[in-house]
>>> print(open('my_file_29.json').read())   # JSON, C-alpha atoms
[["chain", "number", "residue", "atom", "x", "y", "z"],
["P", 1, "MET", "CA", -16.27, -4.35, -2.14],
["P", 2, "SER", "CA", -16.86, -8.04, -2.65],
["P", 3, "ASP", "CA", -14.05, -10.05, -4.17],
["P", 4, "THR", "CA", -16.65, -11.73, -6.40],
["P", 5, "PRO", "CA", -17.52, -9.72, -9.51],
["P", 6, "PRO", "CA", -21.22, -8.86, -9.67],
["P", 7, "ASP", "CA", -21.85, -10.95, -12.79],
["P", 8, "THR", "CA", -20.77, -14.30, -11.31],
["P", 9, "PRO", "CA", -23.55, -16.82, -12.19],
["P", 10, "ALA", "CA", -26.10, -17.34, -9.41],
["P", 11, "ARG", "CA", -25.84, -20.51, -7.31],
["P", 12, "SER", "CA", -28.31, -22.17, -5.01],
["P", 13, "SER", "CA", -28.32, -21.13, -1.35],
["P", 14, "THR", "CA", -26.89, -24.53, -0.42],
["P", 15, "GLY", "CA", -23.77, -23.97, -2.50],
["P", 16, "GLY", "CA", -24.79, -26.69, -4.99],
["P", 17, "PRO", "CA", -25.36, -26.46, -8.76],
["P", 18, "PRO", "CA", -26.75, -23.26, -10.27],
["P", 19, "ASP", "CA", -30.40, -22.57, -9.60],
["P", 20, "PRO", "CA", -32.47, -23.78, -12.62],
["P", 21, "ALA", "CA", -34.50, -20.56, -12.38],
["P", 22, "ALA", "CA", -31.38, -18.46, -12.76],
["P", 23, "PRO", "CA", -30.41, -17.13, -16.19],
["P", 24, "THR", "CA", -28.39, -19.51, -18.36],
["P", 25, "PRO", "CA", -24.69, -18.80, -17.83],
["P", 26, "ASP", "CA", -22.94, -17.04, -20.68],
["P", 27, "PRO", "CA", -19.64, -18.82, -21.51],
["P", 28, "ALA", "CA", -18.13, -15.56, -22.77],
["P", 29, "ALA", "CA", -19.07, -13.80, -19.52],
["P", 30, "ASP", "CA", -17.60, -16.68, -17.52],
["P", 31, "THR", "CA", -14.35, -16.39, -19.44],
["P", 32, "ALA", "CA", -14.25, -12.62, -18.89],
["P", 33, "THR", "CA", -14.77, -13.16, -15.15],
["P", 34, "GLN", "CA", -11.99, -15.73, -14.99],
["P", 35, "VAL", "CA", -9.57, -13.49, -16.86],
["P", 36, "PHE", "CA", -10.35, -10.57, -14.58],
["P", 37, "HIS", "CA", -9.88, -12.68, -11.45],
["P", 38, "ALA", "CA", -6.54, -13.90, -12.76],
["P", 39, "HIS", "CA", -5.30, -10.30, -12.88],
["P", 40, "ARG", "CA", -7.18, -8.77, -9.96],
["P", 41, "GLU", "CA", -4.30, -8.92, -7.47],
["P", 42, "LEU", "CA", -1.91, -7.35, -9.97],
["P", 43, "LEU", "CA", -4.37, -4.51, -10.59],
["P", 44, "PHE", "CA", -4.90, -4.00, -6.87],
["P", 45, "SER", "CA", -1.17, -3.84, -6.17],
["P", 46, "ILE", "CA", -0.40, -1.38, -8.98],
["P", 47, "VAL", "CA", -3.25, 0.95, -8.04],
["P", 48, "TYR", "CA", -2.56, 0.76, -4.30],
["P", 49, "ASN", "CA", 1.05, 1.78, -4.88],
["P", 50, "MET", "CA", -0.21, 4.73, -6.91],
["P", 51, "LEU", "CA", -2.85, 5.89, -4.39],
["P", 52, "GLY", "CA", -1.86, 4.54, -0.96],
["P", 53, "SER", "CA", -5.50, 3.98, -0.03],
["P", 54, "ILE", "CA", -7.25, 0.61, 0.10],
["P", 55, "ALA", "CA", -10.73, 2.10, -0.27],
["P", 56, "ASP", "CA", -9.75, 4.16, -3.34],
["P", 57, "THR", "CA", -7.91, 1.17, -4.78],
["P", 58, "GLU", "CA", -10.99, -1.02, -4.42],
["P", 59, "ASP", "CA", -13.07, 1.68, -6.14],
["P", 60, "VAL", "CA", -10.65, 1.77, -9.07],
["P", 61, "VAL", "CA", -10.55, -2.04, -9.34],
["P", 62, "GLN", "CA", -14.36, -2.10, -9.35],
["P", 63, "GLU", "CA", -14.44, 0.56, -12.10],
["P", 64, "THR", "CA", -11.94, -1.51, -14.07],
["P", 65, "TRP", "CA", -14.18, -4.56, -13.70],
["P", 66, "LEU", "CA", -17.21, -2.63, -14.94],
["P", 67, "ALA", "CA", -15.29, -1.28, -17.93],
["P", 68, "TRP", "CA", -13.99, -4.77, -18.69],
["P", 69, "THR", "CA", -17.43, -6.43, -18.59],
["P", 70, "GLY", "CA", -18.96, -3.53, -20.52],
["P", 71, "ARG", "CA", -16.40, -4.09, -23.27],
["P", 72, "HIS", "CA", -17.33, -7.78, -23.45],
["P", 73, "ARG", "CA", -21.09, -7.08, -23.49],
["P", 74, "ALA", "CA", -20.90, -4.60, -26.36],
["P", 75, "PRO", "CA", -22.30, -6.29, -29.50],
["P", 76, "GLY", "CA", -19.90, -6.79, -32.37],
["P", 77, "THR", "CA", -16.83, -5.90, -30.29],
["P", 78, "ALA", "CA", -13.57, -7.46, -31.42],
["P", 79, "GLY", "CA", -11.71, -9.73, -29.02],
["P", 80, "ILE", "CA", -8.89, -8.45, -26.82],
["P", 81, "ASP", "CA", -5.55, -9.97, -27.75],
["P", 82, "HIS", "CA", -3.69, -8.89, -24.60],
["P", 83, "PRO", "CA", -6.12, -8.83, -21.63],
["P", 84, "ARG", "CA", -3.41, -8.06, -19.04],
["P", 85, "ALA", "CA", -2.21, -4.97, -20.91],
["P", 86, "TYR", "CA", -5.80, -3.85, -21.49],
["P", 87, "LEU", "CA", -6.77, -4.21, -17.82],
["P", 88, "VAL", "CA", -3.61, -2.50, -16.55],
["P", 89, "ARG", "CA", -4.19, 0.43, -18.93],
["P", 90, "ILE", "CA", -7.74, 0.89, -17.64],
["P", 91, "ALA", "CA", -6.72, 0.60, -13.99],
["P", 92, "VAL", "CA", -3.74, 2.97, -14.22],
["P", 93, "ASN", "CA", -5.70, 5.67, -16.02],
["P", 94, "ARG", "CA", -8.63, 5.33, -13.62],
["P", 95, "ALA", "CA", -6.17, 5.66, -10.72],
["P", 96, "LEU", "CA", -4.76, 8.86, -12.25],
["P", 97, "ALA", "CA", -8.31, 10.18, -12.59],
["P", 98, "HIS", "CA", -8.87, 9.52, -8.87],
["P", 99, "GLN", "CA", -5.78, 11.49, -7.89],
["P", 100, "ALA", "CA", -7.55, 14.86, -7.93],
["P", 101, "ALA", "CA", -10.16, 13.75, -5.39],
["P", 102, "VAL", "CA", -7.50, 12.04, -3.26],
["P", 103, "SER", "CA", -5.36, 15.21, -3.26],
["P", 104, "ARG", "CA", -8.33, 17.38, -2.23],
["P", 105, "ARG", "CA", -9.05, 15.13, 0.76],
["P", 106, "ARG", "CA", -5.44, 15.29, 1.88],
["P", 107, "GLU", "CA", -5.40, 19.10, 1.76],
["P", 108, "THR", "CA", -7.96, 19.17, 4.58],
["P", 109, "TYR", "CA", -6.58, 16.15, 6.46],
["P", 110, "VAL", "CA", -5.76, 16.82, 10.12],
["P", 111, "GLY", "CA", -2.10, 16.11, 10.87],
["P", 112, "PRO", "CA", 0.37, 14.02, 8.85],
["P", 113, "TRP", "CA", -1.11, 11.71, 6.21],
["P", 114, "LEU", "CA", 0.28, 8.18, 5.92],
["P", 115, "PRO", "CA", -0.68, 5.43, 3.46],
["P", 116, "GLU", "CA", -3.29, 2.96, 4.61],
["P", 117, "PRO", "CA", -1.35, -0.09, 5.84],
["P", 118, "LEU", "CA", -1.55, -3.43, 4.06],
["P", 119, "VAL", "CA", -1.35, -6.03, 6.84],
["P", 120, "GLY", "CA", -0.47, -9.70, 6.33],
["P", 121, "PRO", "CA", 0.66, -12.66, 8.43],
["P", 122, "LEU", "CA", 4.17, -12.67, 9.87],
["P", 123, "ARG", "CA", 5.67, -15.65, 8.10],
["P", 124, "ASP", "CA", 8.15, -16.07, 5.31],
["P", 125, "THR", "CA", 6.45, -18.94, 3.48],
["P", 126, "PRO", "CA", 2.74, -18.50, 2.68],
["P", 127, "ALA", "CA", 0.33, -21.39, 2.67],
["P", 128, "PRO", "CA", -0.09, -22.95, -0.82],
["P", 129, "ASP", "CA", -3.47, -21.33, -1.43],
["P", 130, "GLU", "CA", -2.04, -17.91, -0.54],
["P", 131, "ALA", "CA", 1.10, -18.15, -2.64],
["P", 132, "ALA", "CA", -0.23, -16.39, -5.74],
["P", 133, "ASP", "CA", -1.76, -13.47, -3.82],
["P", 134, "ALA", "CA", 1.31, -13.10, -1.63],
["P", 135, "ALA", "CA", 3.62, -12.98, -4.64],
["P", 136, "VAL", "CA", 1.77, -9.99, -6.04],
["P", 137, "ARG", "CA", 1.07, -8.23, -2.73],
["P", 138, "ALA", "CA", 4.79, -8.49, -2.00],
["P", 139, "GLU", "CA", 5.23, -5.93, -4.77],
["P", 140, "SER", "CA", 3.56, -3.38, -2.50],
["P", 141, "VAL", "CA", 6.43, -1.11, -1.57],
["P", 142, "SER", "CA", 7.38, -0.27, 2.00],
["P", 143, "MET", "CA", 5.61, 2.36, 4.07],
["P", 144, "ALA", "CA", 8.74, 4.53, 3.99],
["P", 145, "LEU", "CA", 8.94, 4.43, 0.19],
["P", 146, "LEU", "CA", 5.22, 5.14, -0.16],
["P", 147, "VAL", "CA", 5.74, 8.29, 1.91],
["P", 148, "VAL", "CA", 8.48, 9.37, -0.52],
["P", 149, "LEU", "CA", 6.24, 8.58, -3.50],
["P", 150, "GLU", "CA", 3.71, 11.06, -2.11],
["P", 151, "THR", "CA", 6.14, 13.83, -3.08],
["P", 152, "LEU", "CA", 6.03, 12.91, -6.79],
["P", 153, "THR", "CA", 3.51, 14.17, -9.31],
["P", 154, "PRO", "CA", 0.77, 11.62, -10.14],
["P", 155, "LEU", "CA", 2.34, 10.86, -13.54],
["P", 156, "GLU", "CA", 5.83, 10.50, -12.06],
["P", 157, "ARG", "CA", 4.49, 8.18, -9.41],
["P", 158, "GLY", "CA", 2.61, 6.07, -11.93],
["P", 159, "VAL", "CA", 5.69, 5.73, -14.14],
["P", 160, "PHE", "CA", 7.91, 4.91, -11.15],
["P", 161, "VAL", "CA", 5.54, 2.22, -9.88],
["P", 162, "LEU", "CA", 5.14, 0.61, -13.29],
["P", 163, "HIS", "CA", 8.84, 0.71, -14.19],
["P", 164, "GLU", "CA", 10.74, 0.38, -10.91],
["P", 165, "VAL", "CA", 8.33, -1.87, -9.00],
["P", 166, "PHE", "CA", 6.63, -3.95, -11.70],
["P", 167, "GLY", "CA", 9.31, -3.90, -14.39],
["P", 168, "TYR", "CA", 7.30, -2.45, -17.27],
["P", 169, "ALA", "CA", 9.40, -1.16, -20.16],
["P", 170, "HIS", "CA", 9.20, 2.52, -21.09],
["P", 171, "THR", "CA", 7.51, 1.60, -24.37],
["P", 172, "GLU", "CA", 4.84, -0.38, -22.54],
["P", 173, "ILE", "CA", 4.21, 2.50, -20.13],
["P", 174, "ALA", "CA", 3.96, 4.86, -23.10],
["P", 175, "ASP", "CA", 1.15, 2.72, -24.50],
["P", 176, "ILE", "CA", -0.61, 2.60, -21.12],
["P", 177, "LEU", "CA", -0.47, 6.38, -20.57],
["P", 178, "GLY", "CA", -0.84, 7.48, -24.19],
["P", 179, "ARG", "CA", 2.48, 9.36, -24.24],
["P", 180, "SER", "CA", 5.68, 9.08, -26.22],
["P", 181, "PRO", "CA", 8.48, 6.78, -25.01],
["P", 182, "SER", "CA", 10.81, 9.79, -24.72],
["P", 183, "ALA", "CA", 8.35, 11.58, -22.43],
["P", 184, "ILE", "CA", 8.08, 8.45, -20.28],
["P", 185, "ARG", "CA", 11.87, 8.17, -20.05],
["P", 186, "GLN", "CA", 12.05, 11.77, -18.83],
["P", 187, "LEU", "CA", 9.34, 11.15, -16.23],
["P", 188, "ALA", "CA", 11.08, 7.96, -15.10],
["P", 189, "HIS", "CA", 14.43, 9.72, -14.77],
["P", 190, "ARG", "CA", 12.99, 12.57, -12.69],
["P", 191, "ALA", "CA", 11.07, 10.19, -10.45],
["P", 192, "ARG", "CA", 14.03, 7.86, -9.92],
["P", 193, "GLU", "CA", 16.42, 10.72, -9.08],
["P", 194, "HIS", "CA", 13.90, 12.23, -6.67],
["P", 195, "VAL", "CA", 13.21, 8.93, -4.91],
["P", 196, "HIS", "CA", 16.82, 7.79, -4.65],
["P", 197, "ALA", "CA", 17.89, 11.15, -3.22],
["P", 198, "ARG", "CA", 15.41, 10.67, -0.38],
["P", 199, "ARG", "CA", 15.37, 6.89, -0.08],
["P", 200, "PRO", "CA", 18.74, 5.09, -0.54],
["P", 201, "ARG", "CA", 18.42, 1.51, -1.71],
["P", 202, "TYR", "CA", 18.88, -0.91, 1.15],
["P", 203, "GLU", "CA", 16.81, -3.51, 2.93],
["P", 204, "PRO", "CA", 17.56, -4.72, 6.46],
["P", 205, "ALA", "CA", 16.97, -8.43, 7.02],
["P", 206, "PRO", "CA", 13.42, -9.19, 8.27],
["P", 207, "GLN", "CA", 14.70, -10.70, 11.53],
["P", 208, "VAL", "CA", 16.74, -7.55, 12.23],
["P", 209, "ARG", "CA", 13.69, -5.37, 11.61],
["P", 210, "GLN", "CA", 11.55, -7.44, 13.96],
["P", 211, "GLN", "CA", 14.20, -7.46, 16.69],
["P", 212, "VAL", "CA", 14.57, -3.68, 16.51],
["P", 213, "THR", "CA", 10.77, -3.26, 16.54],
["P", 214, "GLU", "CA", 10.51, -5.39, 19.69],
["P", 215, "ARG", "CA", 13.31, -3.44, 21.41],
["P", 216, "PHE", "CA", 11.75, -0.14, 20.38],
["P", 217, "LEU", "CA", 8.33, -1.03, 21.77],
["P", 218, "ALA", "CA", 9.81, -2.28, 25.03],
["P", 219, "ALA", "CA", 11.67, 1.02, 25.45],
["P", 220, "ALA", "CA", 8.77, 3.27, 24.37],
["P", 221, "LEU", "CA", 6.04, 1.53, 26.38],
["P", 222, "GLY", "CA", 8.37, 1.20, 29.35],
["P", 223, "GLY", "CA", 9.34, 4.87, 29.26],
["P", 224, "ASP", "CA", 13.06, 3.99, 29.00],
["P", 225, "LEU", "CA", 14.58, 7.26, 27.76],
["P", 226, "ASP", "CA", 18.17, 5.99, 27.70],
["P", 227, "ALA", "CA", 17.24, 2.95, 25.62],
["P", 228, "LEU", "CA", 15.30, 5.15, 23.18],
["P", 229, "LEU", "CA", 18.24, 7.51, 22.78],
["P", 230, "ARG", "CA", 20.43, 4.54, 21.89],
["P", 231, "LEU", "CA", 17.90, 3.13, 19.42],
["P", 232, "LEU", "CA", 17.02, 6.31, 17.55],
["P", 233, "ALA", "CA", 19.17, 7.81, 14.80],
["P", 234, "PRO", "CA", 20.09, 11.51, 15.25],
["P", 235, "ASP", "CA", 17.83, 12.58, 12.33],
["P", 236, "VAL", "CA", 14.89, 10.30, 13.19],
["P", 237, "THR", "CA", 11.40, 11.48, 12.20],
["P", 238, "LEU", "CA", 8.12, 10.47, 13.83],
["P", 239, "TRP", "CA", 4.91, 10.54, 11.77],
["P", 240, "GLY", "CA", 1.72, 10.09, 13.79],
["P", 241, "ASP", "CA", -1.36, 9.71, 11.57],
["P", 242, "SER", "CA", -4.58, 9.86, 13.57],
["P", 243, "GLY", "CA", -6.64, 12.10, 11.30],
["P", 244, "GLY", "CA", -7.40, 14.16, 14.40],
["P", 245, "ARG", "CA", -9.18, 11.20, 16.00],
["P", 246, "GLY", "CA", -6.47, 9.81, 18.26],
["P", 247, "ALA", "CA", -2.91, 10.20, 19.42],
["P", 248, "GLY", "CA", -0.74, 12.02, 16.89],
["P", 249, "GLY", "CA", 0.79, 15.44, 16.41],
["P", 250, "ARG", "CA", -0.26, 18.03, 13.88],
["P", 251, "ARG", "CA", 3.06, 17.67, 12.03],
["P", 252, "PRO", "CA", 5.99, 15.23, 11.89],
["P", 253, "LEU", "CA", 8.46, 15.46, 14.78],
["P", 254, "HIS", "CA", 12.17, 15.54, 13.90],
["P", 255, "GLY", "CA", 15.29, 14.83, 15.94],
["P", 256, "ARG", "CA", 16.37, 12.10, 18.36],
["P", 257, "ASP", "CA", 16.05, 14.11, 21.57],
["P", 258, "LYS", "CA", 12.55, 15.43, 20.84],
["P", 259, "VAL", "CA", 11.23, 12.08, 19.64],
["P", 260, "ALA", "CA", 12.79, 10.10, 22.51],
["P", 261, "ARG", "CA", 11.47, 12.44, 25.17],
["P", 262, "LEU", "CA", 7.97, 12.47, 23.71],
["P", 263, "LEU", "CA", 7.83, 8.67, 23.48],
["P", 264, "ALA", "CA", 9.24, 8.18, 26.98],
["P", 265, "ALA", "CA", 6.64, 10.60, 28.36],
["P", 266, "VAL", "CA", 3.52, 9.33, 26.59],
["P", 267, "GLY", "CA", 4.40, 5.67, 25.89],
["P", 268, "PRO", "CA", 3.74, 4.17, 29.34],
["P", 269, "HIS", "CA", 0.39, 5.99, 29.60],
["P", 270, "SER", "CA", -0.93, 5.52, 26.04],
["P", 271, "GLY", "CA", 0.24, 1.90, 25.92],
["P", 272, "ARG", "CA", -1.50, 0.84, 29.12],
["P", 273, "GLY", "CA", -3.92, -2.01, 28.42],
["P", 274, "LEU", "CA", -2.75, -2.55, 24.84],
["P", 275, "HIS", "CA", -1.45, -5.84, 23.53],
["P", 276, "ILE", "CA", 0.95, -6.28, 20.64],
["P", 277, "ALA", "CA", 0.75, -8.55, 17.60],
["P", 278, "TYR", "CA", 3.58, -8.81, 15.09],
["P", 279, "ARG", "CA", 2.59, -8.92, 11.42],
["P", 280, "ARG", "CA", 3.92, -7.87, 8.05],
["P", 281, "VAL", "CA", 2.87, -4.37, 7.02],
["P", 282, "ASN", "CA", 3.54, -3.55, 3.39],
["P", 283, "GLY", "CA", 5.90, -6.50, 3.34],
["P", 284, "ASP", "CA", 7.95, -5.56, 6.42],
["P", 285, "PRO", "CA", 7.81, -7.09, 9.92],
["P", 286, "SER", "CA", 5.93, -4.54, 12.01],
["P", 287, "ALA", "CA", 3.72, -4.23, 15.08],
["P", 288, "LEU", "CA", -0.03, -3.94, 15.56],
["P", 289, "LEU", "CA", -1.39, -2.57, 18.83],
["P", 290, "PHE", "CA", -4.83, -3.68, 19.96],
["P", 291, "ALA", "CA", -7.18, -2.43, 22.67],
["P", 292, "GLY", "CA", -9.06, -5.66, 23.33],
["P", 293, "ASP", "CA", -10.10, -6.86, 19.88],
["P", 294, "THR", "CA", -10.07, -3.37, 18.37],
["P", 295, "PRO", "CA", -7.04, -2.20, 16.36],
["P", 296, "TYR", "CA", -5.49, 0.81, 18.07],
["P", 297, "ALA", "CA", -2.46, 1.54, 15.87],
["P", 298, "VAL", "CA", -0.10, 0.10, 13.30],
["P", 299, "LEU", "CA", 3.58, 0.81, 13.90],
["P", 300, "VAL", "CA", 6.19, 0.58, 11.14],
["P", 301, "LEU", "CA", 9.87, 1.40, 11.66],
["P", 302, "ASP", "CA", 12.39, 2.47, 9.05],
["P", 303, "LEU", "CA", 15.99, 1.53, 9.85],
["P", 304, "THR", "CA", 19.38, 2.98, 8.98],
["P", 305, "PRO", "CA", 21.37, 1.03, 6.37],
["P", 306, "ASP", "CA", 23.31, -0.84, 9.04],
["P", 307, "GLY", "CA", 20.04, -1.82, 10.72],
["P", 308, "ASP", "CA", 21.23, -0.63, 14.14],
["P", 309, "GLN", "CA", 19.04, 2.44, 14.58],
["P", 310, "VAL", "CA", 15.58, 3.74, 13.78],
["P", 311, "CYS", "CA", 15.45, 6.63, 11.31],
["P", 312, "GLY", "CA", 11.70, 6.70, 10.70],
["P", 313, "ILE", "CA", 8.67, 5.89, 12.87],
["P", 314, "TYR", "CA", 5.28, 5.58, 11.13],
["P", 315, "ALA", "CA", 2.29, 5.23, 13.46],
["P", 316, "VAL", "CA", -1.14, 4.89, 11.84],
["P", 317, "ALA", "CA", -3.89, 5.38, 14.43],
["P", 318, "ASN", "CA", -6.75, 6.77, 12.34],
["P", 319, "PRO", "CA", -9.61, 4.24, 12.88],
["P", 320, "ASP", "CA", -10.74, 4.69, 9.27],
["P", 321, "LYS", "CA", -7.38, 3.36, 8.10],
["P", 322, "LEU", "CA", -7.53, 0.33, 10.39],
["P", 323, "VAL", "CA", -10.84, -1.13, 9.23],
["P", 324, "HIS", "CA", -9.05, -3.85, 7.22],
["P", 325, "VAL", "CA", -6.86, -4.84, 10.19],
["P", 326, "ASP", "CA", -7.79, -7.92, 12.22]]
>>> encode(input="my_file_29.json", output="structure tokens")
Amino acid sequence: MSDTPPDTPARSSTGGPPDPAAPTPDPAADTATQVFHAHRELLFSIVYNMLGSIADTEDVVQETWLAWTGRHRAPGTAGIDHPRAYLVRIAVNRALAHQAAVSRRRETYVGPWLPEPLVGPLRDTPAPDEAADAAVRAESVSMALLVVLETLTPLERGVFVLHEVFGYAHTEIADILGRSPSAIRQLAHRAREHVHARRPRYEPAPQVRQQVTERFLAAALGGDLDALLRLLAPDVTLWGDSGGRGAGGRRPLHGRDKVARLLAAVGPHSGRGLHIAYRRVNGDPSALLFAGDTPYAVLVLDLTPDGDQVCGIYAVANPDKLVHVD
């Protein structure tokens, strides 16, 4: 999907002033486009955290744009006092409507399903023209937390994302979802208890995460079993998402010994000819593996609270989920 809404006024092919033959720009339509663009990254981030799929998120954002412009084109329609609230309400409810189709696809998915990775540059301070986008995309929660969110109901997940990630009050969420504040509080409580039981709150320093990722890759690609056994936590889990189109088991693999032995056996062979680039994936320093110029896999590690060991390994190797990686 293009980042430019379809109703942007036509310009000449040279990039100069609008073509005189083009329709006269509508100031109201221009304002609607500007307002939408001002909130587009927020909408993307909320919906992505609800669905975990870039393609589905872009579909929902496009539907939100069409609903927004349709509202402005309708004759005699009153103005919208709070555009941000209006757009978020449309996007969240469209995302919930998409959940049924998303769930059906995952029922027939081959092997473990992981969220589609959001990949960004590996630097702490974005360039000035990227600052606004980066501030919103930073609200995209980690790969590990997205996996936990998959275990919530769609409504619980939506409430958790809006309240815990974006700071919406229960009363605001009630207006968005068309439910009572007491019902939202109950959903929020259930979601929070469920998530915190499976995902304790901690965040290793970015430099620690990158150092552990580098050590892990050196051990795995070098077939160093002893180093892997030292790096992996006893209850480590490996998720390999290939969609049946690449390396990856049919189910997650649990336990340090099993995971270490598998990686030591297949790492030197599967990693031959690959080169590594370090980027941020869903906000965390992670690794991208390339075969030539083609993305081969995205690797994200989850660390124990002390940051010394790896408790989760998320490897996304489904080519369909790597189309946005470069």
>>> residues_around(input="my_file_29.json", residues="region 311-317 of chain P", least_positions_apart="5", cutoff="6 Å", atoms="all atoms listed in the file", output="PyMOL selection string")
chain P and resi 233+236-242+297-304
>>> residues_around(input="my_file_29.json", residues="Ser103 (chain P)", least_positions_apart="6", cutoff="10 Å", atoms="all atoms listed in the file", output="MDAnalysis selection string")
chainID P and resid 51 109 154
>>> atom_distance(input="my_file_29.json", atom1="CA of Arg157 (chain P)", atom2="CA of Arg245 (chain P)")
29.0 Å
>>> closest_residue(input="my_file_29.json", among="P:Leu187, P:Ile80, P:Ile173, P:Val310", to="Arg215 (chain P)", atoms="all atoms listed in the file")
P:Val310
>>> residues_around(input="my_file_29.json", residues="Gly120 (chain P)", least_positions_apart="3", cutoff="8 Å", atoms="only C-alpha atoms", output="number ranges by chain")
P: 279-283
>>> write_last_selection(input="my_file_29.json", atoms="C-alpha atoms", output="CSV table (one decimal), in the coordinates of the input")
chain,number,residue,atom,x,y,z
P,279,ARG,CA,2.6,-8.9,11.4
P,280,ARG,CA,3.9,-7.9,8.0
P,281,VAL,CA,2.9,-4.4,7.0
P,282,ASN,CA,3.5,-3.6,3.4
P,283,GLY,CA,5.9,-6.5,3.3
>>> atom_distance(input="my_file_29.json", atom1="CA of Arg199 (chain P)", atom2="CA of Pro319 (chain P)")
28.3 Å
>>> closest_residue(input="my_file_29.json", among="P:Gly243, P:Gly167, P:Pro115, P:Gly267", to="Leu228 (chain P)", atoms="only C-alpha atoms")
P:Gly267
>>> closest_residue(input="my_file_29.json", among="P:Leu145, P:Ala32, P:Ala287, P:Leu221", to="Phe160 (chain P)", atoms="all atoms listed in the file")
P:Leu145
>>> residues_around(input="my_file_29.json", residues="Gly249 (chain P)", least_positions_apart="2", cutoff="7 Å", atoms="all atoms listed in the file", output="PyMOL selection string")
chain P and resi 111+240+251-252
>>> closest_residue(input="my_file_29.json", among="P:Pro268, P:Pro117, P:Gly178, P:Gly273", to="Met143 (chain P)", atoms="all atoms listed in the file")
P:Pro117
>>> residues_around(input="my_file_29.json", residues="Leu149 (chain P)", least_positions_apart="2", cutoff="10 Å", atoms="all atoms listed in the file", output="PyMOL selection string")
chain P and resi 49-52+141+143-147+151-154+156-158+160-161+191+194-195+198-199
>>> closest_residue(input="my_file_29.json", among="P:Asp226, P:Pro204, P:Arg256, P:Ala291", to="Asp306 (chain P)", atoms="only C-alpha atoms")
P:Pro204
>>> atom_distance(input="my_file_29.json", atom1="CA of Gln186 (chain P)", atom2="CA of Asn93 (chain P)")
19.0 Å
>>> closest_residue(input="my_file_29.json", among="P:Asp320, P:Asp257, P:Asp175, P:Asp284", to="Arg89 (chain P)", atoms="only C-alpha atoms")
P:Asp175
>>> axis_aligned_box(input="my_file_29.json", around="region 259-267 of chain P", padding_each_side="8 Å", output="AutoDock Vina command-line options")
--center_x 8.2 --center_y 9.1 --center_z 24.0 --size_x 25.3 --size_y 22.8 --size_z 24.7
